[in-house]
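For reference, structure-v8.cif is printed below; it contains mmCIF, C-alpha atoms.
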```
data_input
loop_
_atom_site.label_atom_id
_atom_site.label_comp_id
_atom_site.auth_asym_id
_atom_site.auth_seq_id
_atom_site.Cartn_x
_atom_site.Cartn_y
_atom_site.Cartn_z
CA MET A 1 222.48 57.30 110.12
CA ASP A 2 222.15 53.54 110.12
CA HIS A 3 222.41 51.05 107.33
CA ALA A 4 221.35 52.27 103.85
CA LEU A 5 219.08 49.73 102.19
CA PRO A 6 218.00 50.40 98.57
CA ARG A 7 214.41 51.05 97.58
CA PRO A 8 212.62 49.57 94.52
CA ALA A 9 214.37 50.38 91.24
CA VAL A 10 213.37 53.09 88.78
CA ALA A 11 213.82 52.32 85.07
CA LEU A 12 216.92 54.07 83.77
CA PRO A 13 216.80 55.78 80.37
CA PRO A 14 219.57 54.96 77.87
CA CYS A 15 221.04 58.47 78.13
CA ILE A 16 222.39 57.52 81.57
CA THR A 17 225.73 55.93 80.77
CA PHE A 18 228.37 54.23 82.89
CA GLU A 19 232.12 54.46 82.52
CA SER A 20 235.41 54.03 84.31
CA ILE A 21 237.51 57.18 84.38
CA ARG A 22 241.20 57.47 85.18
CA LEU A 23 242.09 60.90 86.50
CA ASN A 24 245.06 62.44 84.73
CA THR A 25 246.43 63.18 88.20
CA LYS A 26 245.97 59.54 89.34
CA PRO A 27 246.28 57.41 86.21
CA THR A 28 246.80 54.09 88.01
CA ALA A 29 243.22 53.89 89.38
CA CYS A 30 239.69 54.17 88.02
CA LEU A 31 236.62 55.97 89.31
CA GLU A 32 233.25 54.41 88.42
CA CYS A 33 230.89 57.07 87.12
CA SER A 34 227.31 57.51 85.91
CA SER A 35 226.64 60.42 83.61
CA VAL A 36 224.18 62.20 81.36
CA GLN A 37 225.33 64.57 78.63
CA SER A 38 223.58 67.90 78.29
CA ALA A 39 221.15 68.57 75.45
CA GLY A 40 219.26 71.52 74.00
CA ASP A 41 220.15 75.16 73.56
CA SER A 42 218.57 76.55 76.71
CA GLY A 43 220.33 77.51 79.91
CA TYR A 44 219.98 73.93 81.17
CA SER A 45 222.79 72.79 78.88
CA ASN A 46 225.13 75.22 80.65
CA ILE A 47 224.68 73.47 84.00
CA LEU A 48 226.50 70.47 85.44
CA VAL A 49 224.64 68.66 88.24
CA VAL A 50 227.03 66.68 90.43
CA PHE A 51 225.71 64.17 92.98
CA LEU A 52 227.90 63.69 96.05
CA ASN A 53 227.72 60.57 98.21
CA GLY A 54 227.93 60.25 101.94
CA LEU A 55 230.05 57.54 103.55
CA VAL A 56 227.37 54.85 103.36
CA ALA A 57 225.02 55.36 100.39
CA PRO A 58 226.93 55.03 97.05
CA GLN A 59 226.14 56.54 93.64
CA SER A 60 223.51 53.89 92.92
CA PHE A 61 221.20 55.79 95.28
CA TRP A 62 221.37 58.79 92.92
CA LEU A 63 220.39 56.89 89.78
CA PRO A 64 216.62 57.07 90.45
CA ILE A 65 217.01 60.80 91.07
CA MET A 66 218.78 61.26 87.73
CA ALA A 67 216.13 59.21 85.92
CA LEU A 68 213.25 61.12 87.50
CA ILE A 69 214.83 64.50 86.70
CA LEU A 70 215.09 63.43 83.06
CA ARG A 71 211.49 62.21 83.09
CA ARG A 72 210.29 65.52 84.49
CA LEU A 73 212.27 67.57 81.98
CA ASN A 74 210.99 65.38 79.14
CA ALA A 75 207.43 66.01 80.31
CA VAL A 76 208.05 69.77 80.23
CA GLY A 77 209.43 69.46 76.70
CA ALA A 78 206.39 67.48 75.58
CA ASP A 79 204.05 70.11 77.04
CA THR A 80 205.79 72.88 75.14
CA GLY A 81 206.16 70.90 71.93
CA SER A 82 209.94 71.27 71.93
CA ASP A 83 212.90 68.99 72.50
CA ALA A 84 213.55 68.60 76.21
CA PRO A 85 216.63 70.51 77.34
CA ARG A 86 218.70 68.88 80.04
CA PRO A 87 221.78 69.62 82.11
CA GLN A 88 224.86 67.47 82.21
CA MET A 89 224.75 65.14 85.23
CA LEU A 90 227.48 63.23 87.02
CA ALA A 91 227.49 60.75 89.89
CA TYR A 92 230.47 58.70 91.00
CA ASP A 93 231.84 56.50 93.73
CA ARG A 94 234.97 57.75 95.42
CA TYR A 95 238.01 55.50 95.62
CA GLY A 96 237.23 52.40 97.67
CA GLN A 97 233.48 53.08 97.67
CA GLY A 98 230.56 51.42 95.90
CA ARG A 99 231.47 50.22 92.40
CA THR A 100 234.92 51.85 92.58
CA ILE A 101 237.08 48.99 93.79
CA ASP A 102 240.41 50.78 93.21
CA ARG A 103 241.93 52.40 96.25
CA ASP A 104 243.15 55.99 96.24
CA PRO A 105 246.71 55.88 94.84
CA GLY A 106 247.56 58.73 97.21
CA ASP A 107 246.97 56.45 100.21
CA GLU A 108 250.08 54.42 99.51
CA GLY A 109 252.55 54.53 102.39
CA LYS A 110 250.06 56.15 104.79
CA GLU A 111 248.40 54.70 107.87
CA GLU A 112 245.60 52.32 106.92
CA GLY A 113 242.24 54.08 107.13
CA TYR A 114 243.72 57.59 107.20
CA GLY A 115 244.99 57.83 103.63
CA HIS A 116 243.25 61.00 102.44
CA ASP A 117 240.98 63.75 103.73
CA THR A 118 238.07 65.74 102.34
CA LEU A 119 240.38 68.28 100.68
CA ASP A 120 241.97 65.42 98.74
CA VAL A 121 238.47 64.36 97.70
CA VAL A 122 237.74 67.92 96.57
CA ARG A 123 240.87 68.03 94.42
CA ASP A 124 239.98 64.67 92.84
CA LEU A 125 236.45 65.92 92.20
CA HIS A 126 237.76 69.04 90.52
CA GLN A 127 239.94 66.95 88.22
CA LEU A 128 237.00 64.65 87.46
CA ILE A 129 234.85 67.65 86.54
CA ILE A 130 237.59 69.03 84.29
CA GLN A 131 237.82 65.71 82.44
CA THR A 132 234.08 65.14 82.05
CA THR A 133 232.71 68.63 81.45
CA ARG A 134 231.93 69.71 77.93
CA ASP A 135 232.14 73.46 77.70
CA SER A 136 229.30 75.37 76.07
CA ASP A 137 230.60 78.10 73.74
CA ASN A 138 233.96 77.90 75.55
CA ARG A 139 232.21 78.89 78.77
CA PRO A 140 232.55 76.73 81.89
CA LYS A 141 229.38 75.07 83.11
CA ALA A 142 227.70 76.27 86.28
CA ILE A 143 227.95 73.54 88.91
CA MET A 144 224.98 72.48 91.01
CA PHE A 145 225.68 70.03 93.80
CA VAL A 146 223.10 67.60 95.14
CA ALA A 147 224.71 66.12 98.23
CA ASN A 148 223.99 63.92 101.22
CA SER A 149 225.76 63.64 104.57
CA ILE A 150 229.54 64.18 104.25
CA GLY A 151 228.94 64.98 100.59
CA CYS A 152 227.51 68.31 101.81
CA ALA A 153 230.81 69.14 103.50
CA ILE A 154 232.63 68.24 100.29
CA ALA A 155 230.34 70.58 98.33
CA ARG A 156 231.06 73.45 100.72
CA LEU A 157 234.81 72.86 100.58
CA TYR A 158 234.69 72.71 96.78
CA ALA A 159 232.94 76.07 96.60
CA GLU A 160 235.55 77.51 98.95
CA GLN A 161 238.53 76.04 97.09
CA TYR A 162 237.25 76.84 93.59
CA PRO A 163 235.50 80.23 93.60
CA GLU A 164 233.13 81.28 90.81
CA THR A 165 232.23 77.70 89.89
CA VAL A 166 229.21 76.75 92.01
CA ALA A 167 225.74 78.08 91.20
CA GLY A 168 223.70 75.96 93.61
CA MET A 169 223.74 73.41 96.41
CA LEU A 170 220.97 71.09 97.52
CA LEU A 171 222.16 69.84 100.91
CA LEU A 172 220.36 66.71 102.11
CA ASP A 173 220.82 66.01 105.82
CA SER A 174 224.34 67.37 105.93
CA ILE A 175 226.93 65.91 108.23
CA MET A 176 227.50 68.14 111.27
CA ALA A 177 231.04 68.81 110.16
CA ASN A 178 232.10 70.53 113.38
CA SER A 179 230.84 67.80 115.71
CA ASP A 180 232.55 64.79 117.28
CA PHE A 181 229.06 63.20 117.57
CA VAL A 182 229.67 62.42 121.23
CA SER A 183 229.43 65.92 122.70
CA ILE A 184 225.88 66.10 121.36
CA PHE A 185 224.88 64.33 124.56
CA PRO A 186 225.46 65.47 128.15
CA ASP A 187 228.54 64.01 129.80
CA PRO A 188 227.58 62.28 133.05
CA ASP A 189 231.19 62.66 134.22
CA SER A 190 231.17 66.43 133.86
CA PRO A 191 231.09 68.36 137.15
CA ASP A 192 228.25 70.43 135.71
CA PHE A 193 226.10 67.42 134.89
CA ASP A 194 222.64 67.45 136.46
CA PRO A 195 220.77 64.12 136.38
CA ALA A 196 217.54 66.01 136.97
CA SER A 197 217.93 67.62 133.52
CA LEU A 198 217.47 64.30 131.73
CA PRO A 199 214.14 63.42 130.07
CA ALA A 200 211.94 61.40 132.39
CA ASP A 201 212.51 58.13 130.51
CA VAL A 202 216.29 58.55 130.07
CA THR A 203 218.69 57.18 132.66
CA VAL A 204 222.35 57.98 133.24
CA GLU A 205 223.19 54.43 132.12
CA MET A 206 221.38 55.00 128.81
CA LEU A 207 223.37 58.18 128.31
CA TYR A 208 226.67 56.38 128.94
CA GLU A 209 225.70 53.66 126.47
CA THR A 210 224.63 56.11 123.76
CA ARG A 211 227.85 58.10 124.09
CA ARG A 212 229.87 54.88 123.88
CA LYS A 213 228.12 53.70 120.73
CA PHE A 214 228.40 57.06 119.00
CA ARG A 215 232.08 57.27 119.88
CA GLU A 216 232.69 53.82 118.39
CA VAL A 217 230.69 54.42 115.19
CA PHE A 218 230.55 58.14 114.36
CA HIS A 219 233.52 59.86 116.03
CA PRO A 220 235.74 61.54 113.36
CA SER A 221 238.63 59.29 114.33
CA VAL A 222 236.69 56.14 113.39
CA LYS A 223 238.02 54.62 110.18
CA ASN A 224 235.81 53.82 107.19
CA PRO A 225 236.17 51.39 104.25
CA GLU A 226 237.24 54.06 101.75
CA GLY A 227 240.01 55.40 104.00
CA LEU A 228 238.55 58.93 104.17
CA ASP A 229 240.14 60.66 107.17
CA ARG A 230 237.59 62.89 108.94
CA ARG A 231 239.81 63.91 111.84
CA ASN A 232 240.48 67.42 110.49
CA LEU A 233 236.96 68.10 109.19
CA ALA A 234 235.96 70.23 112.20
CA ASN A 235 239.03 72.40 111.62
CA LEU A 236 238.22 72.77 107.92
CA LEU A 237 234.57 73.66 108.59
CA PRO A 238 234.33 74.87 112.20
CA ASP A 239 231.06 76.73 111.65
CA ALA A 240 227.78 75.83 110.00
CA ASP A 241 227.21 79.38 108.75
CA LYS A 242 230.77 80.19 107.64
CA PRO A 243 232.63 80.71 105.40
CA LEU A 244 229.95 82.56 103.47
CA LEU A 245 229.40 81.36 99.90
CA THR A 246 229.15 84.74 98.22
CA ASN A 247 231.53 84.18 95.29
CA GLY A 248 229.76 81.55 93.23
CA PHE A 249 229.43 81.08 89.49
CA ASP A 250 229.99 84.34 87.58
CA GLY A 251 230.74 86.01 90.91
CA LYS A 252 227.15 85.63 92.15
CA ALA A 253 226.05 84.06 95.42
CA PRO A 254 224.88 80.46 94.88
CA PHE A 255 221.43 79.09 95.63
CA VAL A 256 221.51 76.97 98.80
CA ALA A 257 218.64 74.72 99.87
CA VAL A 258 219.02 72.94 103.21
CA VAL A 259 216.93 69.84 103.85
CA GLY A 260 216.79 67.95 107.12
CA HIS A 261 215.38 64.58 108.10
CA ASP A 262 211.99 64.14 109.72
CA PRO A 263 212.81 64.27 113.46
CA GLU A 264 210.27 61.67 114.57
CA TRP A 265 211.00 59.37 111.62
CA PHE A 266 214.73 59.64 112.31
CA ALA A 267 214.23 58.91 116.00
CA LYS A 268 212.19 55.80 115.22
CA GLU A 269 214.77 54.58 112.69
CA SER A 270 217.57 55.19 115.19
CA LEU A 271 215.74 53.13 117.81
CA GLN A 272 215.02 50.26 115.41
CA GLY A 273 218.46 50.25 113.77
CA SER A 274 221.73 48.76 114.92
CA MET A 275 222.49 51.75 117.19
CA GLU A 276 219.24 51.23 119.15
CA THR A 277 219.35 54.87 120.24
CA PRO A 278 216.50 55.54 122.69
CA TYR A 279 213.75 57.63 121.11
CA SER A 280 213.86 60.33 123.79
CA ILE A 281 217.61 60.75 123.41
CA SER A 282 217.27 61.37 119.67
CA MET A 283 214.39 63.79 120.19
CA SER A 284 216.02 65.64 123.09
CA TYR A 285 219.62 65.89 121.90
CA THR A 286 220.43 64.67 118.37
CA ASN A 287 217.56 66.32 116.53
CA PRO A 288 217.76 69.77 118.19
CA THR A 289 221.53 69.89 117.59
CA TRP A 290 221.08 68.94 113.94
CA ARG A 291 218.28 71.48 113.51
CA ARG A 292 220.52 74.28 114.80
CA TYR A 293 223.29 73.17 112.44
CA ASN A 294 220.89 73.22 109.48
CA GLU A 295 219.74 76.69 110.46
CA GLY A 296 223.35 77.78 110.21
CA LEU A 297 223.78 76.19 106.77
CA ALA A 298 220.82 78.20 105.49
CA LYS A 299 222.81 81.37 106.25
CA LEU A 300 225.72 80.44 103.95
CA THR A 301 224.32 82.46 101.06
CA THR A 302 222.30 85.63 100.62
CA LEU A 303 218.79 85.72 102.02
CA GLU A 304 217.07 85.75 98.63
CA LYS A 305 218.96 82.65 97.49
CA ALA A 306 218.54 80.58 100.66
CA SER A 307 215.86 77.96 101.30
CA GLY A 308 215.25 76.04 104.48
CA PRO A 309 215.77 74.29 106.64
CA ILE A 310 213.13 72.17 104.94
CA ILE A 311 211.92 69.02 106.68
CA ALA A 312 211.74 65.93 104.47
CA THR A 313 208.60 64.27 105.84
CA HIS A 314 208.88 60.53 106.50
CA CYS A 315 212.60 60.57 105.71
CA GLY A 316 215.60 59.52 107.73
CA HIS A 317 219.22 60.40 107.02
CA PHE A 318 219.17 59.02 103.45
CA ILE A 319 216.61 61.40 102.02
CA GLN A 320 217.49 60.49 98.42
CA ARG A 321 216.50 56.91 99.20
CA ASP A 322 213.42 57.61 101.29
CA ASP A 323 211.74 60.13 98.98
CA PRO A 324 213.38 60.45 95.53
CA ALA A 325 210.39 62.38 94.15
CA PHE A 326 210.80 65.07 96.82
CA VAL A 327 214.51 65.44 96.02
CA VAL A 328 213.67 65.70 92.31
CA GLU A 329 211.11 68.42 93.01
CA LEU A 330 213.67 70.48 94.93
CA ALA A 331 216.43 69.81 92.38
CA CYS A 332 214.27 70.88 89.44
CA LYS A 333 213.18 74.00 91.29
CA MET A 334 216.83 74.92 91.87
CA LEU A 335 217.69 74.16 88.23
CA GLU A 336 214.98 76.57 87.11
CA SER A 337 216.31 79.24 89.45
CA ILE A 338 219.86 78.80 88.19
CA VAL A 339 218.76 79.00 84.55
CA LYS A 340 217.01 82.31 85.25
CA ASP A 341 220.10 83.59 87.07
CA LEU A 342 222.64 82.70 84.38
#
```
Show me the file's structure as structure tokens.
Amino acid sequence: MDHALPRPAVALPPCITFESIRLNTKPTACLECSSVQSAGDSGYSNILVVFLNGLVAPQSFWLPIMALILRRLNAVGADTGSDAPRPQMLAYDRYGQGRTIDRDPGDEGKEEGYGHDTLDVVRDLHQLIIQTTRDSDNRPKAIMFVANSIGCAIARLYAEQYPETVAGMLLLDSIMANSDFVSIFPDPDSPDFDPASLPADVTVEMLYETRRKFREVFHPSVKNPEGLDRRNLANLLPDADKPLLTNGFDGKAPFVAVVGHDPEWFAKESLQGSMETPYSISMSYTNPTWRRYNEGLAKLTTLEKASGPIIATHCGHFIQRDDPAFVVELACKMLESIVKDL
């Protein structure tokens, strides 16, 4: 969960366009968006793929994914001798994030850093989708979310707030929405704490230091540049496996694919990054907790529409950066499933 550094660029096709959009509900500020309009007469044109950022990696990290999806669909069209169908696609930076320099107008008059929460983000996203979606035969498009980190929580809340809209979710290393990120680790000050339970190469001092760092960086009360208040997130999503997502697009359960980071890769990155989390602490506490959370996410939908948890080999928290081709493979597989289910 450290710093997100970009990987080498992928050439972007001209059908990926960039624009500033003012929400009708917040006309004094602009959101910076990247989009692709749908094409073709197949089921693909009835789908809107929305990419949802975490707190760190902005929409620019999704651009290679969008380009590679288009390349793959074009290849399929060439093989069949027909024009390549494609879904509508949308990526954007939330207020105060990435290329969106405008602050959320709703933050005015509120405590700095706690201006809006994830439900506010969901309402803004819904308005953005309304303004950018082109209906097909007067029928709303089926939404497929591709999300990373806190974007996964936003996707879940959207599906809960707006029933019968979401047909699929590809959740990439979701935030543990019900965690304070400190309780992951044993508390040396607890009366039940047993030093003998620690891994052989982990000391009590290392545990204190890790808890301190995680409290200062990842605790829900910690402020972030965009002013997204996470303090109520655990109350909004107290369970990984609930609420069930059974009322998706057209009243059907959505497809849900849960992807987690490579545990060893993540542990090495965490040791080498600014947090300097000891390898054994990541392997003994962080990774098992995250694995259990991902197992819960995979139960959000019906058994036949669930995939995972899938491990993204050689990937850390930013899976879309570390292996774009793998994300594209999973996204295209889900697109095919949604088309068949429409």
Inset, instruction - Check which residues satisfy the PyMOL selection byres ((chain A and resi 111-121) around 9) in the file shown, then give them as number ranges by chain. - result: A: 94, 104, 106-110, 122-126, 150, 153-154, 157-158, 161, 221-233, 236
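With distances taken over all atoms listed in the file, A:Asp173 is the one residue among A:Glu329, A:Asp323, A:Asp173, A:Glu209 lying closest to A:Asn294.
If you measure from each of A:Arg72, A:Lys299, A:Arg139, A:Lys26 to A:Val328 using all atoms listed in the file, the closest one turns out to be A:Arg72.
When all atoms listed in the file are used to measure the gap to A:Asp250, the shortest distance among A:Ser174, A:Ser35, A:Thr165, A:Thr301 belongs to A:Thr165.
Shortest separation to A:Gly248 among A:Thr133, A:Thr100, A:Thr17, A:Thr302 occurs at residue A:Thr302, atoms counted being only C-alpha atoms.
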Legend entry - Residues returned when the PyMOL selection byres ((chain A and resi 180-190) around 9) runs on this file, as a ChimeraX atom specification: /A:176-179,191-195,198,204,207-208,210-215,218-221,234,281,285-286,289
Just write the chosen residues, C-alpha atoms, as a PDB file, in the frame of the given file.
```pdb
ATOM      1  CA  MET A 176     227.500  68.140 111.270  1.00  0.00           C
ATOM      2  CA  ALA A 177     231.040  68.810 110.160  1.00  0.00           C
ATOM      3  CA  ASN A 178     232.100  70.530 113.380  1.00  0.00           C
ATOM      4  CA  SER A 179     230.840  67.800 115.710  1.00  0.00           C
ATOM      5  CA  PRO A 191     231.090  68.360 137.150  1.00  0.00           C
ATOM      6  CA  ASP A 192     228.250  70.430 135.710  1.00  0.00           C
ATOM      7  CA  PHE A 193     226.100  67.420 134.890  1.00  0.00           C
ATOM      8  CA  ASP A 194     222.640  67.450 136.460  1.00  0.00           C
ATOM      9  CA  PRO A 195     220.770  64.120 136.380  1.00  0.00           C
ATOM     10  CA  LEU A 198     217.470  64.300 131.730  1.00  0.00           C
ATOM     11  CA  VAL A 204     222.350  57.980 133.240  1.00  0.00           C
ATOM     12  CA  LEU A 207     223.370  58.180 128.310  1.00  0.00           C
ATOM     13  CA  TYR A 208     226.670  56.380 128.940  1.00  0.00           C
ATOM     14  CA  THR A 210     224.630  56.110 123.760  1.00  0.00           C
ATOM     15  CA  ARG A 211     227.850  58.100 124.090  1.00  0.00           C
ATOM     16  CA  ARG A 212     229.870  54.880 123.880  1.00  0.00           C
ATOM     17  CA  LYS A 213     228.120  53.700 120.730  1.00  0.00           C
ATOM     18  CA  PHE A 214     228.400  57.060 119.000  1.00  0.00           C
ATOM     19  CA  ARG A 215     232.080  57.270 119.880  1.00  0.00           C
ATOM     20  CA  PHE A 218     230.550  58.140 114.360  1.00  0.00           C
ATOM     21  CA  HIS A 219     233.520  59.860 116.030  1.00  0.00           C
ATOM     22  CA  PRO A 220     235.740  61.540 113.360  1.00  0.00           C
ATOM     23  CA  SER A 221     238.630  59.290 114.330  1.00  0.00           C
ATOM     24  CA  ALA A 234     235.960  70.230 112.200  1.00  0.00           C
ATOM     25  CA  ILE A 281     217.610  60.750 123.410  1.00  0.00           C
ATOM     26  CA  TYR A 285     219.620  65.890 121.900  1.00  0.00           C
ATOM     27  CA  THR A 286     220.430  64.670 118.370  1.00  0.00           C
ATOM     28  CA  THR A 289     221.530  69.890 117.590  1.00  0.00           C
TER      29      THR A 289
END
```
Inset, instruction - Check which residues satisfy the PyMOL selection byres ((chain A and resi 164) around 10) in the file shown, then give them as a list in words. - result: Ala142, Ile143, Ala159, Glu160, Gln161, Tyr162, Pro163, Thr165, Val166, Ala167, Leu245, Thr246, Asn247, Gly248, Phe249, Asp250, Gly251, Lys252, Ala253 and Pro254 of chain A
Emit the selected residues as a short mmCIF file (atom, residue, chain, number, x, y, z; two decimals), keeping the file's coordinate frame, including C-alpha atoms.
```
data_model
loop_
_atom_site.label_atom_id
_atom_site.label_comp_id
_atom_site.auth_asym_id
_atom_site.auth_seq_id
_atom_site.Cartn_x
_atom_site.Cartn_y
_atom_site.Cartn_z
CA ALA A 142 227.70 76.27 86.28
CA ILE A 143 227.95 73.54 88.91
CA ALA A 159 232.94 76.07 96.60
CA GLU A 160 235.55 77.51 98.95
CA GLN A 161 238.53 76.04 97.09
CA TYR A 162 237.25 76.84 93.59
CA PRO A 163 235.50 80.23 93.60
CA THR A 165 232.23 77.70 89.89
CA VAL A 166 229.21 76.75 92.01
CA ALA A 167 225.74 78.08 91.20
CA LEU A 245 229.40 81.36 99.90
CA THR A 246 229.15 84.74 98.22
CA ASN A 247 231.53 84.18 95.29
CA GLY A 248 229.76 81.55 93.23
CA PHE A 249 229.43 81.08 89.49
CA ASP A 250 229.99 84.34 87.58
CA GLY A 251 230.74 86.01 90.91
CA LYS A 252 227.15 85.63 92.15
CA ALA A 253 226.05 84.06 95.42
CA PRO A 254 224.88 80.46 94.88
#
```
Inset, instruction - Rounded to one decimal place, report the atom CA of A:Thr132-atom CA of A:Ile319 distance in Å. - result: 26.8 Å
Legend entry - Two-atom distance - atom CA of A:Pro85, atom CA of A:Leu171 (Å): 24.2 Å
Inset, instruction - Give me, please, the distance in Å between atom CA of A:Thr313 and atom CA of A:Leu73, quoted to one decimal. - result: 24.4 Å
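With distances taken over all atoms listed in the file, A:Val146 is the one residue among A:Leu303, A:Leu237, A:Val146, A:Ile21 lying closest to A:Val49.
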Legend entry - For A:Asp341, the nearest of the candidates A:Leu170, A:Val202, A:Ile47, A:Leu297, counting only C-alpha atoms: A:Ile47
